[in-house]
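Peer 1: File coords-v7.txt follows (compact mmCIF, C-alpha atoms):
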# COMPACT_ATOMS: atom_id res chain seq x y z
CA MET A 221 12.82 116.31 -18.32
CA SER A 222 11.11 116.05 -21.65
CA VAL A 223 7.70 114.44 -21.92
CA VAL A 224 7.61 111.44 -24.20
CA ASN A 225 4.52 111.36 -26.37
CA LEU A 226 3.62 107.75 -27.12
CA ILE A 227 1.43 107.05 -30.10
CA ALA A 228 -1.46 104.72 -29.35
CA LYS A 229 -1.67 101.88 -31.86
CA SER A 230 -4.70 99.64 -32.11
CA ALA A 231 -4.32 95.85 -32.20
CA CYS A 232 -5.13 95.54 -35.90
CA ALA A 233 -3.49 98.78 -37.06
CA GLY A 234 -2.35 98.44 -40.66
CA LEU A 235 -4.26 95.17 -41.14
CA LEU A 236 -7.89 96.24 -41.33
CA PRO A 237 -10.38 97.10 -42.71
CA VAL A 238 -10.56 94.77 -45.71
CA THR A 239 -13.45 93.71 -47.91
CA ILE A 240 -13.35 90.33 -49.58
CA GLY A 241 -16.31 89.43 -51.75
CA ASP A 242 -19.41 90.11 -49.67
CA VAL A 243 -17.54 90.06 -46.36
CA THR A 244 -16.04 93.05 -44.58
CA LEU A 245 -13.56 92.72 -41.71
CA ALA A 246 -13.08 95.78 -39.55
CA GLU A 247 -11.48 96.48 -36.20
CA VAL A 248 -13.78 97.45 -33.33
CA ASP A 249 -12.48 100.07 -30.90
CA VAL A 250 -13.84 98.83 -27.58
CA GLY A 251 -12.18 101.46 -25.41
CA GLN A 252 -11.88 101.04 -21.66
CA MET A 253 -13.05 97.66 -20.36
CA TRP A 254 -12.73 95.55 -17.25
CA SER A 255 -13.15 91.89 -16.37
CA VAL A 256 -15.22 91.42 -13.23
CA SER A 257 -15.14 88.10 -11.34
CA PRO A 258 -17.43 88.24 -8.29
CA PHE A 259 -16.15 86.60 -5.13
CA ALA A 260 -18.10 83.48 -4.14
CA GLY A 261 -21.76 84.34 -3.60
CA SER A 262 -21.29 88.03 -4.45
CA GLU A 263 -22.81 88.15 -7.92
CA LYS A 264 -25.95 89.95 -6.72
CA ASP A 265 -23.94 92.62 -4.87
CA CYS A 266 -21.85 93.23 -7.97
CA ALA A 267 -24.97 93.46 -10.14
CA VAL A 268 -26.42 96.07 -7.78
CA ALA A 269 -23.18 98.09 -7.72
CA LEU A 270 -22.96 98.07 -11.53
CA LYS A 271 -26.62 98.93 -11.97
CA ALA A 272 -25.96 102.18 -10.12
CA VAL A 273 -23.61 103.21 -12.94
CA GLY A 274 -25.95 102.10 -15.71
CA VAL A 275 -24.48 98.67 -16.43
CA ALA A 276 -26.75 95.62 -16.53
CA TRP A 277 -25.45 92.23 -15.34
CA PRO A 278 -25.43 89.87 -18.34
CA GLN A 279 -26.98 86.41 -18.25
CA VAL A 280 -24.83 83.40 -19.16
CA GLY A 281 -24.00 83.57 -22.88
CA GLN A 282 -25.61 86.99 -23.36
CA ARG A 283 -24.85 90.64 -23.95
CA ALA A 284 -26.42 93.28 -21.73
CA GLU A 285 -26.28 97.07 -21.48
CA GLY A 286 -22.60 97.96 -21.13
CA ALA A 287 -21.42 94.42 -20.40
CA TYR A 288 -21.26 90.88 -21.71
CA TRP A 289 -20.71 87.38 -20.38
CA LEU A 290 -17.08 86.35 -20.48
CA GLY A 291 -17.01 82.94 -18.83
CA LEU A 292 -18.00 81.07 -15.71
CA ASP A 293 -18.44 83.73 -12.99
CA GLN A 294 -16.84 86.37 -15.16
CA VAL A 295 -18.20 89.31 -17.13
CA MET A 296 -16.61 92.08 -19.19
CA VAL A 297 -17.77 95.62 -18.47
CA TYR A 298 -17.32 98.68 -20.68
CA ALA A 299 -16.77 101.69 -18.44
CA ASP A 300 -14.22 104.40 -17.77
CA ALA A 301 -14.22 103.52 -14.07
CA LEU A 302 -15.98 100.99 -11.87
CA PRO A 303 -17.59 101.31 -8.44
CA GLU A 304 -16.30 99.37 -5.44
CA MET A 305 -17.66 95.83 -5.42
CA PRO A 306 -16.81 92.41 -3.94
CA ALA A 307 -15.06 91.09 -7.03
CA ALA A 308 -11.67 90.56 -8.64
CA VAL A 309 -11.50 93.39 -11.17
CA THR A 310 -8.83 93.62 -13.87
CA ASP A 311 -8.29 96.35 -16.43
CA GLN A 312 -8.53 94.62 -19.84
CA SER A 313 -8.22 97.71 -22.02
CA ASP A 314 -5.84 97.24 -24.97
CA ALA A 315 -5.46 93.54 -24.04
CA TRP A 316 -7.75 92.26 -26.78
CA ALA A 317 -8.21 92.50 -30.51
CA VAL A 318 -11.84 92.76 -31.59
CA VAL A 319 -12.76 92.27 -35.25
CA SER A 320 -16.24 92.59 -36.69
CA VAL A 321 -17.16 90.26 -39.52
CA SER A 322 -20.10 91.57 -41.53
CA GLY A 323 -21.84 90.23 -44.58
CA ASP A 324 -22.00 86.46 -44.81
CA ALA A 325 -20.30 86.18 -41.42
CA GLN A 326 -21.84 82.83 -40.55
CA THR A 327 -20.34 81.14 -43.61
CA VAL A 328 -16.89 82.57 -42.91
CA LEU A 329 -16.90 81.72 -39.22
CA ALA A 330 -18.36 78.26 -39.86
CA ARG A 331 -14.96 77.37 -41.36
CA LEU A 332 -13.14 78.37 -38.19
CA VAL A 333 -15.44 77.98 -35.20
CA PRO A 334 -16.67 74.58 -33.86
CA VAL A 335 -20.07 75.83 -32.66
CA ASP A 336 -23.46 76.29 -34.30
CA LEU A 337 -23.62 79.97 -35.27
CA ARG A 338 -27.37 80.04 -35.86
CA VAL A 339 -27.82 81.89 -32.60
CA PRO A 340 -30.08 84.84 -31.70
CA GLU A 341 -28.77 88.40 -31.66
CA GLY A 342 -27.01 89.19 -28.42
CA ALA A 343 -25.66 85.67 -27.92
CA VAL A 344 -22.00 85.38 -26.93
CA MET A 345 -19.83 82.25 -26.88
CA ARG A 346 -16.41 81.33 -25.59
CA THR A 347 -14.96 78.94 -28.13
CA LEU A 348 -12.11 78.46 -30.61
CA VAL A 349 -11.19 80.22 -33.84
CA GLY A 350 -8.86 77.72 -35.45
CA HIS A 351 -6.50 76.88 -32.58
CA MET A 352 -7.02 80.16 -30.72
CA THR A 353 -9.32 80.59 -27.79
CA ALA A 354 -11.77 83.31 -28.72
CA HIS A 355 -14.91 85.12 -27.74
CA VAL A 356 -17.56 85.23 -30.47
CA SER A 357 -20.63 87.41 -30.22
CA CYS A 358 -23.60 87.76 -32.54
CA VAL A 359 -24.36 91.46 -33.03
CA ALA A 360 -26.86 90.88 -35.85
CA HIS A 361 -27.63 87.91 -38.07
CA ASP A 362 -25.13 89.26 -40.62
CA ARG A 363 -22.58 90.69 -38.17
CA PHE A 364 -20.44 88.91 -35.62
CA GLU A 365 -17.62 90.20 -33.44
CA VAL A 366 -14.63 88.02 -32.69
CA MET A 367 -12.32 88.81 -29.79
CA VAL A 368 -8.91 87.22 -29.25
CA MET A 369 -5.89 88.13 -27.18
CA ARG A 370 -4.13 91.13 -28.67
CA SER A 371 -0.99 89.15 -29.44
CA MET A 372 -3.11 86.99 -31.76
CA ALA A 373 -4.47 89.91 -33.83
CA ARG A 374 -2.41 89.17 -36.93
CA THR A 375 -3.26 85.45 -36.79
CA LEU A 376 -6.97 86.23 -36.42
CA VAL A 377 -6.91 88.58 -39.41
CA HIS A 378 -5.01 85.96 -41.43
CA ASP A 379 -7.46 83.18 -40.55
CA LEU A 380 -10.53 85.32 -41.28
CA THR A 381 -9.03 86.61 -44.53
CA THR A 382 -8.12 83.13 -45.74
CA ALA A 383 -11.60 81.82 -45.00
CA ALA A 384 -13.29 84.79 -46.68
CA GLU A 385 -11.06 84.50 -49.74
CA ALA A 386 -11.85 80.79 -50.09
CA ILE A 387 -15.57 81.50 -49.92
CA ALA A 388 -15.31 84.37 -52.42
CA ALA A 389 -13.31 82.13 -54.79
CA ARG A 390 -15.87 79.38 -54.51
CA GLY A 391 -18.67 81.88 -55.17
CA ALA A 392 -16.82 83.12 -58.28
CA LEU A 393 -16.90 79.61 -59.77
CA ASP A 394 -20.61 80.14 -60.39
CA VAL A 395 -21.47 76.46 -60.02
CA ASP A 396 -23.86 74.69 -57.73
CA ILE A 397 -21.99 72.86 -55.00
CA MET B 468 -17.10 63.11 -29.15
CA ARG B 469 -19.14 65.97 -27.75
CA ILE B 470 -19.47 67.04 -24.12
CA ASN B 471 -22.59 68.78 -22.84
CA CYS B 472 -21.14 71.59 -20.72
CA PRO B 473 -23.71 72.62 -18.08
CA VAL B 474 -22.80 76.27 -18.78
CA CYS B 475 -22.23 76.45 -22.55
CA GLY B 476 -24.29 73.55 -23.90
CA GLU B 477 -23.06 70.79 -26.18
CA ARG B 478 -19.56 71.49 -27.47
CA ASP B 479 -16.88 69.73 -29.46
CA ARG B 480 -14.29 67.73 -27.53
CA ARG B 481 -11.44 69.91 -28.82
CA GLU B 482 -12.61 72.72 -26.51
CA PHE B 483 -11.96 70.54 -23.46
CA TYR B 484 -8.81 69.37 -21.72
CA TYR B 485 -8.69 66.01 -19.98
CA VAL B 486 -7.39 66.31 -16.41
CA GLY B 487 -7.60 62.76 -15.11
CA ASP B 488 -9.69 60.62 -12.81
CA ALA B 489 -12.23 62.45 -10.67
CA VAL B 490 -10.64 60.77 -7.64
CA ALA B 491 -8.82 64.11 -7.31
CA LEU B 492 -12.03 65.45 -5.75
CA ASP B 493 -11.74 62.88 -2.93
CA ARG B 494 -8.49 63.97 -1.34
CA PRO B 495 -7.80 61.96 1.83
CA ASP B 496 -7.32 63.61 5.20
CA ARG B 497 -3.80 64.73 6.02
CA ASP B 498 -3.41 61.88 8.55
CA ALA B 499 -5.34 59.24 6.59
CA GLY B 500 -2.29 56.99 6.45
CA LEU B 501 0.13 55.81 3.78
CA ASP B 502 -2.24 53.31 2.15
CA ALA B 503 -4.92 55.92 1.52
CA TRP B 504 -2.40 58.42 0.16
CA ASP B 505 -0.65 55.79 -1.97
CA SER B 506 -4.00 54.89 -3.47
CA TYR B 507 -4.98 58.52 -4.02
CA VAL B 508 -1.72 59.50 -5.70
CA HIS B 509 -0.79 56.39 -7.66
CA LEU B 510 -3.52 53.79 -8.05
CA ARG B 511 -6.12 54.09 -10.79
CA ASP B 512 -8.65 51.64 -12.15
CA ASN B 513 -8.70 51.13 -15.89
CA PRO B 514 -12.23 49.94 -16.51
CA ALA B 515 -13.82 48.91 -19.79
CA GLY B 516 -17.03 50.67 -18.89
CA LEU B 517 -18.05 53.68 -16.83
CA THR B 518 -15.36 56.15 -15.80
CA ARG B 519 -15.65 59.41 -13.95
CA ASP B 520 -13.13 61.95 -15.14
CA LEU B 521 -12.27 65.60 -14.63
CA TRP B 522 -12.30 67.76 -17.73
CA HIS B 523 -11.55 71.45 -18.05
CA HIS B 524 -13.54 73.55 -20.52
CA GLU B 525 -10.40 75.50 -21.30
CA ALA B 526 -11.46 76.91 -24.67
CA GLY B 527 -14.91 77.74 -23.34
CA CYS B 528 -16.33 79.02 -20.09
CA GLY B 529 -13.39 77.76 -18.00
CA ALA B 530 -15.47 75.40 -15.85
CA TRP B 531 -14.07 72.23 -14.30
CA LEU B 532 -16.40 69.33 -15.09
CA VAL B 533 -16.96 65.82 -13.83
CA VAL B 534 -17.76 63.74 -16.91
CA THR B 535 -19.17 60.23 -16.58
CA ARG B 536 -18.58 58.26 -19.77
CA ASN B 537 -18.32 54.73 -21.02
CA THR B 538 -14.88 53.79 -22.36
CA GLY B 539 -16.44 50.90 -24.30
CA THR B 540 -19.06 52.87 -26.21
CA HIS B 541 -17.68 56.43 -25.80
CA ALA B 542 -21.13 57.46 -24.62
CA VAL B 543 -21.15 60.43 -22.23
CA SER B 544 -23.89 59.80 -19.67
CA ASP B 545 -23.49 62.68 -17.23
CA VAL B 546 -21.71 66.05 -16.97
CA VAL B 547 -21.77 68.19 -13.82
CA LEU B 548 -19.79 71.17 -12.56
CA ALA B 549 -17.00 69.92 -10.30
CA ARG B 550 -17.83 72.57 -7.70
CA GLU B 551 -21.36 71.19 -7.40
CA VAL B 552 -20.16 67.67 -6.61
CA VAL B 553 -20.78 66.96 -2.93
CA ARG B 554 -17.60 65.96 -1.19
Here is the file; what I need is its structure written in the form of C-alpha cells.
Peer 2:
Amino acid sequence: MSVVNLIAKSACAGLLPVTIGDVTLAEVDVGQMWSVSPFAGSEKDCAVALKAVGVAWPQVGQRAEGAYWLGLDQVMVYADALPEMPAAVTDQSDAWAVVSVSGDAQTVLARLVPVDLRVPEGAVMRTLVGHMTAHVSCVAHDRFEVMVMRSMARTLVHDLTTAAEAIAARGALDVDI
Amino acid sequence: MRINCPVCGERDRREFYYVGDAVALDRPDRDAGLDAWDSYVHLRDNPAGLTRDLWHHEAGCGAWLVVTRNTGTHAVSDVVLAREVVR
C-alpha cells in the first residue's frame, strides 16, 4: 500500500501577508493548541496540572505563559501534549485562522469590532469582527491578533483588507477630517 | 443598548442573544400539576416596566445572563450570571 503524503495548508495560505498603507496583515502559525474547560469546581486542579508543564492559568480576559482566556470557564493552551486533568479537553489545532494586524491596528479594527480597543497589552476579548464571532488579543499597542474559525479565514482577510484600504485611501486624501 | 456582562464588562447589544423570560430558571416540580406547568410553559406577563430576561452572551464569553431592565425606559438595572441566581 502506498503512503499518501498530504500537504499541510495553513488557513490563510495564498491570502497573506499583505501590506496596505501603514498596516500589515500576516498569518500567525499557532501550532498545536487545546481548549480546556475545567469541570465544575476544578479550575484550581487544572491550573496545578498545567503549571507542572510550564503553562500558567490565564485570568479572565488575559494572556498568560502558554495560554490565554477563551471564554467563561474555558482557556486555550499551546502545547504539544497535555497532562491528565479534570477538564473537557479538545484539540483545536488547525481549527482556527489567526491573523496579526500590525501598524495602525486600532484604527482598522475600530471599523469592525464593537469594543473599545484602548486596552493594555496582554488583554484578550471575545467579540465580533463584522458578523463573525472572533477572539481579539492585544499583543502590543500597535499589534493585535484576530482569531476566527478556520472556515471564515477568507472572510476575515477580506474584511480586514477592505477596512485597511479605506483607511489608506482616506489618509491619501491629505485633508483634515 | 449596552449590557454590562459580569465577565466581559459593558458590551454592545449585538453580541447578545435574547432567550426569553427568566421564568425558565423556575422550572416547576415534575408533579406540580397542570396549572403550574401551563403557567410555566405558556403564560407570560408583558409589563411596561421591569422585566427579568435571560440573555446569552453568544458573541462573547458564552455566559447565560439574567438581565433586569425597564421596557419603558430601556434602562438596564441589573445583570447577573444565571448560574449564580439562587433557585
Peer 1: Draw an axis-aligned box tight on the listed atoms of stretch 353-366 of chain A, then pad every side by 8 Å and write out centre and edge lengths in Å to one decimal as JSON.
Peer 2:
{"center_x": -18.5, "center_y": 86.0, "center_z": -34.2, "size_x": 34.3, "size_y": 26.9, "size_z": 28.9}
Peer 1: Pull out every residue of chain B sitting within 7 Å of chain A, counting all atoms listed in the file, and send them as a PyMOL selection string.
Peer 2: chain B and resi 478-479+482+526-530
Peer 1: Could the residues in this selection be saved with C-alpha atoms as a compact mmCIF listing (two decimals), keeping the file's coordinate frame?
Peer 2:
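After the write, result-v3.txt holds the following:
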# COMPACT_ATOMS: atom_id res chain seq x y z
CA ARG B 478 -19.56 71.49 -27.47
CA ASP B 479 -16.88 69.73 -29.46
CA GLU B 482 -12.61 72.72 -26.51
CA ALA B 526 -11.46 76.91 -24.67
CA GLY B 527 -14.91 77.74 -23.34
CA CYS B 528 -16.33 79.02 -20.09
CA GLY B 529 -13.39 77.76 -18.00
CA ALA B 530 -15.47 75.40 -15.85
Peer 1: Quick one: distance from atom CA of A:Arg390 to atom CA of A:Leu236 in Å, one decimal?
Peer 2: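 One can read the atom CA of A:Arg390 to atom CA of A:Leu236 distance as 22.8 Å.
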Peer 1: Excluding B:Pro514 and any residue of its chain fewer than 6 positions from it, enumerate the residues within 12 Å of it, using all atoms listed in the file, and give them as an NGL selection string.
Peer 2: :B and (488 or 536-539)
Peer 1: Could you pull the residues within 8 Å of stretch 231-235 of chain A, counting all atoms listed in the file, minus those fewer than 4 positions along the same chain, as JSON, numbers by chain?
Peer 2: {"A": [247, 314, 316, 317, 370, 371, 373, 374, 377]}
Peer 1: Quote the spacing between atom CA of B:Pro473 and atom CA of B:Leu548 in Å to one decimal place.
Peer 2: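 Between atom CA of B:Pro473 and atom CA of B:Leu548 the gap is 6.9 Å.
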Peer 1: For atom CA of A:Val328 and atom CA of A:Thr381, quote the distance in Å rounded to one decimal.
Peer 2: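 Atom CA of A:Thr381 lies at a distance of 9.0 Å from atom CA of A:Val328.
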Peer 1: Let me make sure I understand: among A:Thr382, A:Ser313, A:Ser357, A:Thr375, which one has the smallest atom-to-atom distance to A:Gln326 if we use only C-alpha atoms?
Peer 2: A:Ser357
Peer 1: Please identify all polymer residues within 8 Å of B:Val547, counting only C-alpha atoms, omitting same-chain residues fewer than 2 positions from it, and present them as a list in words.
Peer 2: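 The residues satisfying every condition are Cys472, Pro473, Leu532, Val533, Val534, Asp545, Ala549, Glu551 and Val552 of chain B.
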Peer 1: Is it possible to get the residues within 10 Å of (-12.4, 82.2, -46.3) (coordinates as in the file, counting all atoms listed in the file) written as a list in words?
Peer 2: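 These residues have at least one counted atom within 10 Å: Ile240, Gly241, Val243, Thr327, Val328, Leu329, Ala330, Arg331, Leu332, His378, Asp379, Leu380, Thr381, Thr382, Ala383, Ala384, Glu385, Ala386, Ile387, Ala388, Ala389 and Arg390 of chain A.
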Peer 1: Pick the closest to A:Asp324 from A:Val273, A:Ala260, A:Met372, A:Leu337: which is it, counting all atoms listed in the file?
Peer 2: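 Of the candidates, the smallest distance to A:Asp324 is held by A:Leu337.
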Peer 1: Go through A:Ala325, A:Met296, A:Cys266, A:Val319 and flag the residue nearest A:Leu376, using all atoms listed in the file for the distances.
Peer 2: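 Of A:Ala325, A:Met296, A:Cys266, A:Val319, the one nearest A:Leu376 is A:Val319, counting all atoms listed in the file.
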Peer 1: Give as number ranges by chain the set of residues within 7 Å of the point (-10.9, 65.0, -28.5), where distances use the file's coordinates and all atoms listed in the file.
Peer 2: B: 468, 480-481
Peer 1: For A:Phe259, list every protein, DNA or RNA residue within 7 Å, evaluated using only C-alpha atoms, and leave out those in the same chain fewer than 3 positions away; present the list as a PyMOL selection string.
Peer 2: chain A and resi 262+306-308
